[in-house]
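Next up, data-v9.cif (mmCIF, C-alpha atoms and all ligand atoms):
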```cif
data_final
loop_
_atom_site.label_atom_id
_atom_site.label_comp_id
_atom_site.auth_asym_id
_atom_site.auth_seq_id
_atom_site.Cartn_x
_atom_site.Cartn_y
_atom_site.Cartn_z
CA MET A 1 107.44 116.67 141.33
CA THR A 2 107.21 112.96 140.40
CA PRO A 3 103.62 111.72 140.35
CA PRO A 4 102.76 108.95 142.84
CA PRO A 5 103.08 105.38 141.50
CA PRO A 6 99.78 103.94 140.20
CA ASP A 7 99.38 101.64 143.25
CA GLN A 8 99.32 104.73 145.50
CA LEU A 9 96.65 106.54 143.49
CA PRO A 10 93.23 106.60 145.17
CA GLN A 11 91.01 103.69 144.13
CA LYS A 12 87.83 105.70 144.48
CA PRO A 13 87.03 109.39 144.04
CA ARG A 14 87.03 111.21 147.37
CA LEU A 15 84.31 113.58 148.52
CA VAL A 16 84.51 115.88 151.54
CA VAL A 17 81.16 116.08 153.36
CA ALA A 18 80.62 118.69 156.08
CA ILE A 19 77.63 118.98 158.39
CA THR A 20 77.22 122.35 160.10
CA GLY A 21 74.73 123.70 162.63
CA ALA A 22 71.92 124.84 160.32
CA THR A 23 68.67 122.95 160.64
CA GLY A 24 68.49 119.98 158.25
CA ALA A 25 71.11 117.58 159.58
CA ILE A 26 69.10 114.92 157.74
CA TYR A 27 70.54 116.19 154.43
CA GLY A 28 74.08 115.35 155.52
CA VAL A 29 73.04 112.00 156.93
CA ARG A 30 71.08 110.92 153.83
CA LEU A 31 73.94 112.05 151.62
CA LEU A 32 76.40 109.89 153.55
CA THR A 33 73.91 107.00 153.57
CA LEU A 34 73.47 107.13 149.78
CA LEU A 35 77.22 107.33 149.25
CA ARG A 36 77.77 104.39 151.57
CA ARG A 37 75.17 102.41 149.61
CA LEU A 38 76.83 103.35 146.31
CA GLY A 39 80.20 102.23 147.65
CA SER A 40 82.11 103.96 144.87
CA VAL A 41 83.16 107.10 146.76
CA GLU A 42 85.57 107.58 149.69
CA THR A 43 83.91 110.01 152.10
CA HIS A 44 85.76 112.43 154.39
CA LEU A 45 83.41 113.73 157.08
CA LEU A 46 83.60 116.98 159.04
CA VAL A 47 81.02 118.03 161.64
CA SER A 48 81.06 121.38 163.44
CA SER A 49 80.20 121.57 167.18
CA ALA A 50 76.81 123.07 166.30
CA GLY A 51 76.42 120.28 163.71
CA TRP A 52 76.81 117.62 166.42
CA LEU A 53 74.16 119.52 168.42
CA THR A 54 71.59 119.51 165.59
CA LEU A 55 72.34 115.87 164.72
CA ARG A 56 71.41 114.91 168.29
CA HIS A 57 68.46 117.32 168.55
CA GLU A 58 66.87 116.66 165.14
CA LEU A 59 67.74 113.00 164.55
CA GLY A 60 68.75 111.65 167.97
CA MET A 61 72.06 110.55 166.46
CA GLU A 62 75.26 110.24 168.48
CA LYS A 63 78.75 110.78 167.11
CA SER A 64 79.57 107.10 166.61
CA GLU A 65 76.45 106.50 164.46
CA VAL A 66 77.26 109.42 162.17
CA GLN A 67 80.95 108.56 161.96
CA ALA A 68 80.03 104.98 160.97
CA LEU A 69 78.51 106.35 157.76
CA ALA A 70 81.82 107.86 156.58
CA ASP A 71 85.13 106.33 155.55
CA VAL A 72 87.21 108.94 157.39
CA THR A 73 86.15 111.50 160.03
CA HIS A 74 88.29 114.56 160.74
CA SER A 75 87.99 116.90 163.70
CA VAL A 76 87.25 120.48 162.62
CA ARG A 77 90.30 121.54 164.66
CA GLU A 78 92.61 119.22 162.69
CA VAL A 79 93.97 121.90 160.35
CA GLY A 80 96.91 119.65 159.45
CA ALA A 81 94.61 116.95 158.00
CA THR A 82 95.02 115.57 154.46
CA ILE A 83 92.01 117.53 153.17
CA ALA A 84 93.62 120.81 154.34
CA SER A 85 95.98 120.55 151.36
CA GLY A 86 95.25 120.91 147.66
CA SER A 87 97.76 118.13 146.97
CA PHE A 88 95.24 115.63 148.38
CA ALA A 89 93.02 114.92 145.36
CA THR A 90 89.25 115.07 145.86
CA ALA A 91 86.25 115.34 143.57
CA GLY A 92 85.10 118.27 145.70
CA MET A 93 83.17 119.14 148.82
CA VAL A 94 79.56 119.49 149.91
CA VAL A 95 78.36 121.28 153.05
CA ALA A 96 75.00 119.74 153.99
CA PRO A 97 73.46 121.73 155.59
CA CYS A 98 75.48 124.94 155.51
CA SER A 99 74.90 127.55 158.24
CA MET A 100 75.17 131.28 157.59
CA LYS A 101 78.24 131.33 159.83
CA THR A 102 80.10 128.76 157.76
CA LEU A 103 78.91 130.45 154.56
CA ALA A 104 80.38 133.75 155.82
CA SER A 105 83.64 132.10 156.75
CA ILE A 106 83.98 130.50 153.31
CA ALA A 107 82.91 133.68 151.48
CA HIS A 108 85.65 135.64 153.25
CA GLY A 109 88.37 132.99 152.96
CA LEU A 110 88.85 132.81 156.74
CA SER A 111 89.93 129.14 156.93
CA ASP A 112 89.27 129.39 160.67
CA ASN A 113 88.50 125.68 161.06
CA LEU A 114 88.95 122.59 158.88
CA ILE A 115 85.51 123.01 157.25
CA ALA A 116 86.35 126.53 156.04
CA ARG A 117 89.91 125.48 155.15
CA ALA A 118 88.78 122.44 153.11
CA ALA A 119 86.25 124.66 151.30
CA ASP A 120 88.99 127.23 150.67
CA VAL A 121 91.21 124.50 149.20
CA THR A 122 88.31 123.23 147.05
CA LEU A 123 87.82 126.71 145.60
CA LYS A 124 91.51 127.42 145.03
CA GLU A 125 91.96 124.07 143.25
CA ARG A 126 88.90 124.91 141.11
CA ARG A 127 87.05 121.82 142.32
CA ARG A 128 83.31 121.53 142.81
CA LEU A 129 82.04 123.13 146.06
CA VAL A 130 78.34 122.85 146.86
CA LEU A 131 76.84 124.69 149.85
CA MET A 132 73.36 123.55 150.92
CA VAL A 133 72.68 126.85 152.66
CA ARG A 134 69.73 127.00 155.08
CA GLU A 135 68.23 130.12 156.56
CA THR A 136 65.03 132.05 156.09
CA PRO A 137 64.52 134.88 155.49
CA PHE A 138 67.94 136.08 154.28
CA ASN A 139 69.57 139.33 155.34
CA LEU A 140 71.89 141.31 153.08
CA ALA A 141 75.03 139.74 154.57
CA HIS A 142 73.71 136.25 153.69
CA LEU A 143 72.86 137.33 150.14
CA ARG A 144 76.22 139.04 149.64
CA ASN A 145 78.09 136.02 150.97
CA MET A 146 76.20 133.72 148.60
CA THR A 147 77.08 136.03 145.71
CA ALA A 148 80.75 136.02 146.73
CA VAL A 149 80.89 132.21 146.82
CA THR A 150 79.14 132.03 143.43
CA GLU A 151 81.67 134.50 141.99
CA MET A 152 84.47 132.25 143.24
CA GLY A 153 82.98 129.25 141.43
CA GLY A 154 81.04 127.64 144.29
CA VAL A 155 77.45 126.43 143.93
CA ILE A 156 74.76 127.73 146.28
CA PHE A 157 72.24 124.89 146.55
CA PRO A 158 69.53 125.61 149.13
CA PRO A 159 67.67 122.39 149.94
CA LEU A 160 64.31 123.37 148.48
CA PRO A 161 61.90 120.52 147.71
CA ALA A 162 60.73 119.85 144.13
CA PHE A 163 57.02 119.20 144.50
CA TYR A 164 56.65 118.30 140.82
CA ASN A 165 58.21 114.93 141.63
CA ARG A 166 55.29 114.32 144.04
CA PRO A 167 57.40 112.97 146.91
CA GLU A 168 55.42 110.58 149.10
CA SER A 169 57.50 111.00 152.24
CA LEU A 170 59.93 113.36 153.90
CA GLU A 171 62.70 110.88 153.17
CA ALA A 172 61.80 110.79 149.44
CA MET A 173 61.83 114.61 149.41
CA VAL A 174 65.24 114.77 151.06
CA ASP A 175 66.69 111.98 148.88
CA ASP A 176 65.54 113.75 145.73
CA THR A 177 67.45 116.90 146.76
CA VAL A 178 70.50 114.94 147.87
CA GLY A 179 70.47 113.02 144.57
CA ARG A 180 70.54 116.32 142.66
CA VAL A 181 73.54 117.44 144.73
CA LEU A 182 75.46 114.20 144.20
CA ASP A 183 74.74 114.30 140.47
CA MET A 184 76.65 117.61 140.37
CA PHE A 185 79.85 115.71 141.24
CA GLY A 186 79.44 112.97 138.60
CA VAL A 187 80.90 110.39 140.98
CA GLY A 188 78.28 107.69 140.46
CA PRO A 189 75.15 106.76 138.55
CA ALA A 190 72.54 109.53 138.15
CA LEU A 191 70.46 109.56 141.34
CA SER A 192 67.88 112.26 140.75
CA HIS A 193 64.65 112.05 138.79
CA SER A 194 65.02 113.09 135.20
CA TRP A 195 62.06 115.30 134.29
CA ALA A 196 60.07 113.55 131.55
CA GLY A 197 58.01 116.65 130.73
CA LEU A 198 54.27 117.06 130.96
CA GLY A 199 53.68 115.90 127.42
CA LYS A 200 50.75 117.29 125.47
CA ASP A 201 49.29 119.16 128.46
CA SER A 202 52.35 121.28 129.12
CA GLU A 203 51.02 124.64 127.94
CA ALA A 204 50.16 126.99 130.83
C1 LIG B 301 68.39 123.80 166.42
C2 LIG B 301 69.21 124.86 165.73
C3 LIG B 301 68.88 125.22 164.44
C4 LIG B 301 69.64 126.18 163.76
N1 LIG B 301 69.29 126.48 162.47
C5 LIG B 301 70.08 127.33 161.76
C6 LIG B 301 69.81 127.56 160.37
O1 LIG B 301 68.89 127.01 159.79
N2 LIG B 301 70.68 128.37 159.71
C7 LIG B 301 71.75 128.97 160.30
O2 LIG B 301 72.50 129.68 159.62
N3 LIG B 301 72.00 128.78 161.62
C8 LIG B 301 71.21 127.98 162.37
N4 LIG B 301 71.48 127.75 163.70
C9 LIG B 301 72.56 128.51 164.34
C10 LIG B 301 73.95 127.90 164.10
O3 LIG B 301 74.01 126.61 164.65
C11 LIG B 301 75.02 128.81 164.72
O4 LIG B 301 75.09 130.03 164.03
C12 LIG B 301 76.38 128.16 164.76
O5 LIG B 301 77.30 129.08 165.30
C13 LIG B 301 76.85 127.72 163.39
O6 LIG B 301 78.17 127.24 163.51
P1 LIG B 301 78.79 126.25 162.44
O7 LIG B 301 78.66 126.90 161.10
O8 LIG B 301 80.22 126.14 162.87
O9 LIG B 301 78.06 124.97 162.52
C14 LIG B 301 70.73 126.81 164.41
C15 LIG B 301 71.06 126.44 165.72
C16 LIG B 301 70.32 125.47 166.36
C17 LIG B 301 70.70 125.07 167.76
#
```
Any chance you could put this one into structure tokens?
Ligand SMILES: Cc1cc2nc3c(=O)[nH]c(=O)nc-3n(C[C@H](O)[C@H](O)[C@H](O)COP(=O)(O)O)c2cc1C
Amino acid sequence: MTPPPPDQLPQKPRLVVAITGATGAIYGVRLLTLLRRLGSVETHLLVSSAGWLTLRHELGMEKSEVQALADVTHSVREVGATIASGSFATAGMVVAPCSMKTLASIAHGLSDNLIARAADVTLKERRRLVLMVRETPFNLAHLRNMTAVTEMGGVIFPPLPAFYNRPESLEAMVDDTVGRVLDMFGVGPALSHSWAGLGKDSEA
């Protein structure tokens, strides 16, 4: 196949961002906010029905406010969307937060909605897939599904705070985690704190 002419190549790297119905909608929102501020990434947003529910419940955000943070929003039922095909180049996909239901769907290659399909495409094209899974405690199905995604090349990235950075607010704590996730895609300047070590007092 002839490659597209240079003027039709994407100007910016594209990142698929999905928000599902696990608690922690703030992770998806901060991620989109940071990307919007960076301005160097084209974002493709997907939100599940349960994701819209948690966005409203946890953050009081309506659809239009969330959609305004992304460059393109796709319905999860739109299985014919650009991001449903591997021929549409992306830098990868992040699910922030990722419910156990969506994790299971991805782990078993169900492609039963556009979130699972886009993740399936990301894995088959050997692109970066990061799942910010959220549940506690885990049952064996959750653990097995996380193992399966890891074996397929995906990254399981539960949003666990790093207290050694001494975050002074909830927002700082969330941004630190989101920065670590974005750094995994190498689509912009490093966003997370680089550990400087404890110096002379580092022996336990
Ligand atoms: C307020 C609220 C919090 C929830 N938190 C979680 C959670 O942390 N992890 C999880 O796996 N499911 C959680 N759920 C349940 C999911 O929303 C539910 O399983 C849903 O079917 C997930 O669908 P989705 O993956 O398509 O978003 C929560 C539901 C609600 C209403």
Neighbourhood of ligand LIG 301 (chain B) at 10 Å, counting only C-alpha atoms and all ligand atoms, reported as number ranges by chain:
A: 18-25, 47-58, 76, 95, 97-105, 112-113, 115-116, 133-138, 142
Please measure the separation of atom CA of A:Thr177 and atom CA of A:Val41, giving the value in Å to one decimal.
18.5 Å
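With only C-alpha atoms as the basis for measurement, A:Asp71 is the residue among A:Arg14, A:Leu182, A:Asp71, A:Ala107 that approaches A:Arg36 most closely.
A straight line drawn from atom CA of A:Lys63 to atom CA of A:Ile106 is 24.6 Å long.
Atom to atom, atom CA of A:Leu15 and atom CA of A:Gly188 stand 11.7 Å apart.
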Excluding A:Ala119 and residues on its chain fewer than 3 positions from it, collect all residues at most 9 Å away from it, counting all atoms listed in the file, and give them as a PyMOL selection string.
chain A and resi 16+84+92-95+106+109+111+114-116+122-124+129
Take the residues just selected and output them with C-alpha atoms as a PDB file, keeping the file's coordinate frame.
```pdb
ATOM      1  CA  VAL A  16      84.510 115.880 151.540  1.00  0.00           C
ATOM      2  CA  ALA A  84      93.620 120.810 154.340  1.00  0.00           C
ATOM      3  CA  GLY A  92      85.100 118.270 145.700  1.00  0.00           C
ATOM      4  CA  MET A  93      83.170 119.140 148.820  1.00  0.00           C
ATOM      5  CA  VAL A  94      79.560 119.490 149.910  1.00  0.00           C
ATOM      6  CA  VAL A  95      78.360 121.280 153.050  1.00  0.00           C
ATOM      7  CA  ILE A 106      83.980 130.500 153.310  1.00  0.00           C
ATOM      8  CA  GLY A 109      88.370 132.990 152.960  1.00  0.00           C
ATOM      9  CA  SER A 111      89.930 129.140 156.930  1.00  0.00           C
ATOM     10  CA  LEU A 114      88.950 122.590 158.880  1.00  0.00           C
ATOM     11  CA  ILE A 115      85.510 123.010 157.250  1.00  0.00           C
ATOM     12  CA  ALA A 116      86.350 126.530 156.040  1.00  0.00           C
ATOM     13  CA  THR A 122      88.310 123.230 147.050  1.00  0.00           C
ATOM     14  CA  LEU A 123      87.820 126.710 145.600  1.00  0.00           C
ATOM     15  CA  LYS A 124      91.510 127.420 145.030  1.00  0.00           C
ATOM     16  CA  LEU A 129      82.040 123.130 146.060  1.00  0.00           C
TER      17      LEU A 129
END
```
